[in-house]
Amino acid sequence: MPKYVIVRADNCVNCGKCEKSCIYGVYKRSEQDPRKMADPINSLCKNCFRCIEDCPQRALIMAPGPDYRALGRGVWTPQRITTIWGESETGKIPVLGAGYRGMFAGPGYDGMWTDMSEIVRPTRDGIHGREFISTSVDIGRKPDVLEFGKQGQLLTRMPSMIELPVPFVLDSTRLRQDSDQLMIGFARAAALLDTQLFAHPESIPKEASEVLNSHLVPVYPKGTDLESVDLPPGARMAEISYSPSWKDDLRRFRGRFPNTVLSFRMGASEGIEQRVIELVRGKAEVAHILFDEDSLEEGTSEPRHSKDTLRAVHRAMVSKSLRDQITIISGGGLAAAEHVPKSIICGADVVSLEKALVIALECRDCITCSRGSCPINLDDARPEWVESRVTNLAGAWRDQLLEVLGAMGLREVRRLRGEVGRAIFFEDVESESFASIEGGERHA
């Protein structure tokens, strides 16, 4: 999809200067009539303006493409969508030249700046550095203490835990697309990345379940009879919806699957801090907090952004010395690689990739999305293509996470969790700067 559209005016004399000027192959002679120039290949244009400057007739006009400008909505801007497309195609960190031409602060994570003070140290060089930087994280409940016997043997019964090489999981449960082809591709990507795929058991075709094995997290809806549930073979973790009877659900599940990690899925809304604390005190292991596609709370008159909700949840547990006793997974609204470390700084242990999975497959995020009108026929995508695109996206996002950790001087992502001192929040700076001015506190 072209970001820029070039229109050739009637005063063009077909001199070919534009073809000589463009190094990207936008301009070519017509195959039918070499005396004329063919229509520009807009998708190759990089907006360097050299053709505009070199045209002797001033016959070329460049403008933003209308289809490009119609991409996405909310935090899923055209820039972010096309950036994900590039990351998924190449697996590389995107390089955006010509300087930063946007605002230095904005809503949500755009108003959060990370500490990069260690970037000048020669011993730290991100993905190409001489120091190993770990991106591994754990899912599960850590023991409060370790008790040893007189002979040095470990007496504490260690809880079940899952170690992931990357701090993100794949979640297909809230996607509008769930064809067998897509699920097989997602399953292959999860297995290759050695991470977990959250999915409804009935949406997993047989071929995908054979690939997943221990990488599948079955997600059961509210009201599921846990006494009759049979976990898929090899599953190390399961997820159920949070409800007022969660304690009974936890007891039933523990009675049948004592060595399986159980996660409670809960929507982010008012009072989420207290609900998470109750889960911790009830010996729950994982809380999967869900936000909408813009990273906002749902069902709240004044919804908070995930960065504010996660900070509130993290602070509430730290104040009661409970933080290490539960894993927090944050899902929803992760539209850029930078959102992963920023979510972790705010208090998440792990993040779940949702909409980014289908955006990686060249989805245009159409407002009128339906199976019968998809412009790219997403349901027909080949599993191996889906696998490669999702794997490339994960690789590009992990490399960018490594760059952030290296620039911060951190050697493991676990140390990044809750390190709000490593970040600057625009609203906090604004409040500190203007609160002392008469009326400033009210308006800031």
# chains A, B, ... in the order shown; residues from 1 in each chain; ligands from 1
>>> select_by_dssp(residues="stretch 162-270 of chain A", states="alpha helix (DSSP H)", output="number ranges by chain")
A: 180-193, 206-212, 246-256
>>> select_by_dssp(residues="stretch 10-84 of chain A", states="strand (DSSP E)", output="PyMOL selection string")
chain A and resi 60-64
>>> residues_around(residues="stretch 138-143 of chain A", least_positions_apart="2", cutoff="6 Å", atoms="only C-alpha atoms", output="JSON list (two decimals) with C-alpha atoms, in the first residue's frame")
[["chain", "number", "residue", "atom", "x", "y", "z"],
["A", 145, "VAL", "CA", 11.09, -18.68, 51.47],
["A", 161, "MET", "CA", 6.70, -22.43, 36.85],
["A", 162, "ILE", "CA", 7.18, -21.80, 33.14],
["A", 163, "GLU", "CA", 10.27, -20.06, 31.79],
["A", 285, "GLU", "CA", -0.33, -17.76, 40.32],
["A", 325, "GLN", "CA", 4.02, -13.89, 44.55],
["A", 326, "ILE", "CA", 2.12, -13.52, 41.28],
["A", 327, "THR", "CA", 2.80, -13.03, 37.57]]
>>> residues_around(residues="A:Pro341", least_positions_apart="3", cutoff="8 Å", atoms="only C-alpha atoms", output="PyMOL selection string")
chain A and resi 337-338+344-345+401+404+416
>>> write_last_selection(atoms="N, CA and C atoms", output="mmCIF file, in the first residue's frame")
data_model
loop_
_atom_site.group_PDB
_atom_site.id
_atom_site.type_symbol
_atom_site.label_atom_id
_atom_site.label_comp_id
_atom_site.auth_asym_id
_atom_site.auth_seq_id
_atom_site.Cartn_x
_atom_site.Cartn_y
_atom_site.Cartn_z
ATOM 1 N N ALA A 337 6.960 -1.903 19.173
ATOM 2 C CA ALA A 337 7.970 -2.628 19.951
ATOM 3 C C ALA A 337 8.258 -1.930 21.271
ATOM 4 N N GLU A 338 8.236 -0.613 21.280
ATOM 5 C CA GLU A 338 8.551 0.135 22.504
ATOM 6 C C GLU A 338 7.516 -0.083 23.595
ATOM 7 N N ILE A 344 6.440 -3.315 30.817
ATOM 8 C CA ILE A 344 7.179 -3.990 31.887
ATOM 9 C C ILE A 344 7.649 -2.975 32.930
ATOM 10 N N ILE A 345 8.100 -1.813 32.500
ATOM 11 C CA ILE A 345 8.493 -0.769 33.439
ATOM 12 C C ILE A 345 7.324 -0.397 34.344
ATOM 13 N N LEU A 401 13.944 -4.614 22.147
ATOM 14 C CA LEU A 401 13.976 -4.721 23.606
ATOM 15 C C LEU A 401 15.421 -4.820 24.099
ATOM 16 N N VAL A 404 17.009 -1.423 24.129
ATOM 17 C CA VAL A 404 16.574 -0.622 25.281
ATOM 18 C C VAL A 404 17.295 -1.075 26.545
ATOM 19 N N LEU A 416 13.827 -5.051 34.851
ATOM 20 C CA LEU A 416 13.139 -3.875 34.327
ATOM 21 C C LEU A 416 11.751 -3.709 34.937
#
>>> residues_around(residues="A:Leu250", least_positions_apart="4", cutoff="8 Å", atoms="only C-alpha atoms", output="VMD selection string")
chain A and resid 246 254 262 284
>>> closest_residue(among="A:Gly409, A:Pro303, A:Gly74, A:Gly395", to="A:Gly91", atoms="only C-alpha atoms")
A:Gly395
>>> residues_around(residues="A:Leu170", least_positions_apart="5", cutoff="12 Å", atoms="only C-alpha atoms", output="MDAnalysis selection string")
chainID A and resid 164 175 183 185:191 193:199 215:217 329:332 334 350:358 390:391 393:394
>>> write_last_selection(atoms="C-alpha atoms", output="short mmCIF file (atom, residue, chain, number, x, y, z; two decimals), in the first residue's frame")
data_model
loop_
_atom_site.label_atom_id
_atom_site.label_comp_id
_atom_site.auth_asym_id
_atom_site.auth_seq_id
_atom_site.Cartn_x
_atom_site.Cartn_y
_atom_site.Cartn_z
CA LEU A 164 9.97 -18.20 28.49
CA LEU A 175 -8.99 -11.82 17.32
CA MET A 183 -4.18 -21.10 13.97
CA GLY A 185 0.61 -20.71 11.61
CA PHE A 186 0.30 -19.18 15.08
CA ALA A 187 0.96 -22.63 16.62
CA ARG A 188 4.14 -23.08 14.56
CA ALA A 189 5.34 -19.60 15.52
CA ALA A 190 4.70 -20.23 19.24
CA ALA A 191 6.61 -23.51 19.08
CA LEU A 193 9.68 -18.99 19.63
CA ASP A 194 9.30 -21.37 22.60
CA THR A 195 6.52 -19.23 24.01
CA GLN A 196 2.85 -19.87 24.80
CA LEU A 197 -0.23 -19.54 22.56
CA PHE A 198 -3.44 -18.64 24.40
CA ALA A 199 -6.41 -20.05 22.48
CA HIS A 215 3.10 -24.42 24.10
CA LEU A 216 -0.72 -24.30 24.22
CA VAL A 217 -2.60 -22.47 26.98
CA ILE A 329 0.35 -10.56 32.09
CA SER A 330 -0.85 -7.42 30.30
CA GLY A 331 -2.75 -7.66 27.03
CA GLY A 332 -4.36 -5.22 24.61
CA LEU A 334 0.46 -3.18 22.15
CA VAL A 350 4.81 -10.51 30.57
CA VAL A 351 2.79 -8.97 27.74
CA SER A 352 0.47 -10.73 25.30
CA LEU A 353 0.49 -9.94 21.58
CA GLU A 354 -3.00 -9.86 20.13
CA LYS A 355 -3.94 -7.48 17.32
CA ALA A 356 -0.29 -7.12 16.33
CA LEU A 357 -0.42 -10.77 15.19
CA VAL A 358 -2.91 -10.09 12.41
CA VAL A 390 4.88 -13.67 13.25
CA THR A 391 8.37 -15.00 13.96
CA LEU A 393 7.83 -9.62 14.19
CA ALA A 394 8.83 -11.29 17.44
#
>>> residues_around(residues="A:Cys12", least_positions_apart="4", cutoff="7 Å", atoms="only C-alpha atoms", output="ChimeraX atom specification")
/A:8,57,59
>>> atom_distance(atom1="atom CA of A:Lys283", atom2="atom CA of A:Tyr242")
14.1 Å
>>> closest_residue(among="A:Ala316, A:Ser243, A:Met408, A:Arg80", to="A:Ile133", atoms="only C-alpha atoms")
A:Met408
>>> atom_distance(atom1="atom CA of A:Gly333", atom2="atom CA of A:Leu192")
24.1 Å
>>> atom_distance(atom1="atom CA of A:Gly108", atom2="atom CA of A:Asn47")
29.0 Å
>>> closest_residue(among="A:Asp380, A:Asp67, A:Asp180, A:Glu19", to="A:Lys3", atoms="only C-alpha atoms")
A:Asp67
>>> closest_residue(among="A:Val386, A:Met158, A:Ala70, A:Ala407", to="A:Asp144", atoms="only C-alpha atoms")
A:Met158
